[in-house]
Amino acid sequence: MNRRGFTLIELLISIVLMIILLSAVTMVFIKTTDTVTISQARSQVYANARLAADLLEEDLLACFPFTGAQEFTMDNGVGSFQGEVAAEPRIGASGPIGSAADQLSFIATTLVGTTHQSARITYFLLPGQKALDAVGNKEDGDPDYGRTMPTPAFPNGRPLYTLVRRVLVLNPVTGRYDQRPTDQLNHPVPDMELCRFVTSFNLEYYSNQLTYSQLEPSPFQSTVTPGGKNDALGNGLGENDGEGSEDAIPIRIPSIRVTITIVEDRTARQERMIQKVIAIPMG
């Protein structure tokens with residue numbers, strides 16, 4: 001019987017072919033894994049943005065009526081490239097510089113701890129390299145949690161933020177909603193980090209001209225002394241509520257339009273916009 005084995009050249013060729021095949025399979029596996037990881041990251045961030053918009057709608061549906069007990073404010077802000085939120089837009093030759101970083105605050109009934117209470121609810125953007133401690137102080141964020149970016153050096157020349165929901169309850173000493181709520185164990189209730197990798201949080205209000213108007217500047221700001229021309233809505237003090245002058249006309253906000261622009265992660269590969277029109281029954 002003639003027995004013939006493999007020659008050394010045949011073995012080498014077989015090994016090379018096997019290496020090529022394994023390399024191709026490995027590359028396909030890596031590409032597939034990357035695609036799945038990216039898709040999961042996108043889905044998670046997009047889901048968080050939609051949940052944030054839904055929660056904002058739920059809060060507004062429970063807001064106090066505009067009859068003297070409300071303090072409804074919408075502040076105009078523009079994100080800067082240093083990772084902070086400007087109080088007012090920085091105006092350039094072609095208009096405001098930077099993406100929208102607005103802020104919304106109002107009084108509503110909401111779940112605080114384990115009970116429903118009246119509280120001031122504020123939605124605002126936190127710079128991506130920062131986090132909030134239990135009492136709401138800004139601090140450098142943890143690399144694995146509570147931080148979108150390691151430093152203010154954001155990718156693609158634009159800042160990233162975290163959308164935060166803050167709740168403050170009525171302080172019996174001051175008579176204002178400026179007190180941190182506590183749980184049954186008397187621990188502070190922390191702020192909610194709703195959505196990370198936010199590039200823009202834009203608010204528009206349905207105006208008397210029957211159109212959605214930008215806040216340029218806001219006609220009802222949180223930084224104005226109560227009773228001033230552009231102070232909060234619904235507190236019964238300023239011209240916004242028909243007080244202070246004979247021609248003062250109360251401002252009402254039947255609805256607002258919220259636009260949240262996000263990317264799927266810090267590499268900012270793809271940007272997506274979540275927009276929602278929210279009716280305010282008591283506005």
# chains A, B, ... in the order shown; residues from 1 in each chain; ligands from 1

$ residues_around --residues "Cys195 in chain A" --least-positions-apart "2" --cutoff "7 Å" --atoms "only C-alpha atoms" --output "number ranges by chain"
A: 45, 48-49, 52, 162-163, 193, 197-198

$ atom_distance --atom1 "CA of Lys276 in chain A" --atom2 "CA of Asn240 in chain A"
25.3 Å

$ select_by_dssp --residues "range 5-229 of chain A" --states "helix (DSSP H, G or I)" --output "PDB file with C-alpha atoms, in the first residue's frame"
ATOM      1  CA  LEU A   8       5.951  20.749   4.332  1.00  0.00           C
ATOM      2  CA  ILE A   9       4.840  23.189   1.630  1.00  0.00           C
ATOM      3  CA  GLU A  10       1.285  21.835   1.761  1.00  0.00           C
ATOM      4  CA  LEU A  11       1.228  22.235   5.527  1.00  0.00           C
ATOM      5  CA  LEU A  12       2.499  25.802   5.305  1.00  0.00           C
ATOM      6  CA  ILE A  13      -0.105  26.654   2.681  1.00  0.00           C
ATOM      7  CA  SER A  14      -2.849  25.124   4.866  1.00  0.00           C
ATOM      8  CA  ILE A  15      -1.665  27.122   7.889  1.00  0.00           C
ATOM      9  CA  VAL A  16      -1.560  30.374   5.897  1.00  0.00           C
ATOM     10  CA  LEU A  17      -5.070  29.758   4.527  1.00  0.00           C
ATOM     11  CA  MET A  18      -6.340  28.962   8.028  1.00  0.00           C
ATOM     12  CA  ILE A  19      -4.798  32.172   9.384  1.00  0.00           C
ATOM     13  CA  ILE A  20      -6.416  34.205   6.608  1.00  0.00           C
ATOM     14  CA  LEU A  21      -9.783  32.574   7.294  1.00  0.00           C
ATOM     15  CA  LEU A  22      -9.549  33.134  11.042  1.00  0.00           C
ATOM     16  CA  SER A  23      -8.482  36.756  10.501  1.00  0.00           C
ATOM     17  CA  ALA A  24     -11.478  37.368   8.257  1.00  0.00           C
ATOM     18  CA  VAL A  25     -13.848  35.788  10.787  1.00  0.00           C
ATOM     19  CA  THR A  26     -12.286  37.845  13.603  1.00  0.00           C
ATOM     20  CA  MET A  27     -12.637  41.079  11.649  1.00  0.00           C
ATOM     21  CA  VAL A  28     -16.284  40.329  10.905  1.00  0.00           C
ATOM     22  CA  PHE A  29     -16.879  39.564  14.591  1.00  0.00           C
ATOM     23  CA  ILE A  30     -15.186  42.798  15.725  1.00  0.00           C
ATOM     24  CA  LYS A  31     -17.135  44.885  13.216  1.00  0.00           C
ATOM     25  CA  THR A  32     -20.395  43.237  14.258  1.00  0.00           C
ATOM     26  CA  THR A  33     -19.607  43.813  17.941  1.00  0.00           C
ATOM     27  CA  ASP A  34     -18.801  47.494  17.300  1.00  0.00           C
ATOM     28  CA  THR A  35     -22.028  47.941  15.354  1.00  0.00           C
ATOM     29  CA  VAL A  36     -24.092  46.351  18.127  1.00  0.00           C
ATOM     30  CA  THR A  37     -22.322  48.454  20.781  1.00  0.00           C
ATOM     31  CA  ILE A  38     -22.943  51.669  18.850  1.00  0.00           C
ATOM     32  CA  SER A  39     -26.587  50.760  18.255  1.00  0.00           C
ATOM     33  CA  GLN A  40     -27.104  49.987  21.941  1.00  0.00           C
ATOM     34  CA  ALA A  41     -25.454  53.273  22.958  1.00  0.00           C
ATOM     35  CA  ARG A  42     -27.637  55.208  20.545  1.00  0.00           C
ATOM     36  CA  SER A  43     -30.798  53.452  21.675  1.00  0.00           C
ATOM     37  CA  GLN A  44     -30.028  54.098  25.355  1.00  0.00           C
ATOM     38  CA  VAL A  45     -29.287  57.806  24.896  1.00  0.00           C
ATOM     39  CA  TYR A  46     -32.276  58.339  22.596  1.00  0.00           C
ATOM     40  CA  ALA A  47     -34.549  56.492  25.032  1.00  0.00           C
ATOM     41  CA  ASN A  48     -33.301  58.679  27.900  1.00  0.00           C
ATOM     42  CA  ALA A  49     -34.006  61.826  25.875  1.00  0.00           C
ATOM     43  CA  ARG A  50     -37.543  60.685  25.105  1.00  0.00           C
ATOM     44  CA  LEU A  51     -38.125  59.792  28.759  1.00  0.00           C
ATOM     45  CA  ALA A  52     -36.837  63.239  29.769  1.00  0.00           C
ATOM     46  CA  ALA A  53     -39.326  64.906  27.426  1.00  0.00           C
ATOM     47  CA  ASP A  54     -42.132  62.694  28.753  1.00  0.00           C
ATOM     48  CA  LEU A  55     -41.231  63.515  32.361  1.00  0.00           C
ATOM     49  CA  LEU A  56     -41.189  67.229  31.566  1.00  0.00           C
ATOM     50  CA  GLU A  57     -44.660  66.901  30.054  1.00  0.00           C
ATOM     51  CA  GLU A  58     -45.892  65.054  33.141  1.00  0.00           C
ATOM     52  CA  ASP A  59     -44.534  67.805  35.393  1.00  0.00           C
ATOM     53  CA  LEU A  60     -46.101  70.585  33.331  1.00  0.00           C
ATOM     54  CA  LEU A  61     -49.470  68.842  33.371  1.00  0.00           C
ATOM     55  CA  PRO A 155     -15.034  66.949  20.456  1.00  0.00           C
ATOM     56  CA  ASN A 156     -15.817  68.657  17.174  1.00  0.00           C
ATOM     57  CA  GLY A 157     -15.675  72.107  18.776  1.00  0.00           C
TER      58      GLY A 157
END

$ closest_residue --among "A:Ala279, A:Val224, A:Met74, A:Leu168" --to "Phe124 in chain A" --atoms "only C-alpha atoms"
A:Met74

$ closest_residue --among "A:Pro226, A:Pro190, A:Pro219, A:Gly77" --to "Pro250 in chain A" --atoms "only C-alpha atoms"
A:Pro219

$ closest_residue --among "A:Arg165, A:Val112, A:Gly228, A:Ile251" --to "Leu194 in chain A" --atoms "only C-alpha atoms"
A:Arg165

$ atom_distance --atom1 "CA of Phe72 in chain A" --atom2 "CA of Leu170 in chain A"
15.5 Å

$ closest_residue --among "A:Asp231, A:Glu204, A:Asp241, A:Asp178" --to "Gln103 in chain A" --atoms "only C-alpha atoms"
A:Glu204

$ closest_residue --among "A:Met149, A:Leu104, A:Val258, A:Val189" --to "Val169 in chain A" --atoms "only C-alpha atoms"
A:Val189

$ select_by_dssp --residues "range 43-268 of chain A" --states "strand (DSSP E or B)" --output "JSON, numbers by chain"
{"A": [63, 72, 73, 74, 75, 78, 79, 85, 86, 90, 91, 92, 95, 96, 97, 100, 101, 103, 104, 105, 106, 107, 108, 109, 110, 111, 112, 115, 116, 117, 118, 119, 120, 121, 122, 123, 124, 125, 126, 127, 130, 131, 132, 138, 139, 140, 161, 162, 163, 164, 165, 166, 167, 168, 169, 170, 177, 178, 179, 182, 188, 192, 193, 194, 195, 196, 197, 198, 199, 200, 201, 202, 203, 204, 205, 206, 212, 213, 214, 233, 255, 256, 257, 258, 259, 260, 261, 262, 263]}

$ atom_distance --atom1 "CA of Tyr212 in chain A" --atom2 "CA of Asp191 in chain A"
29.4 Å
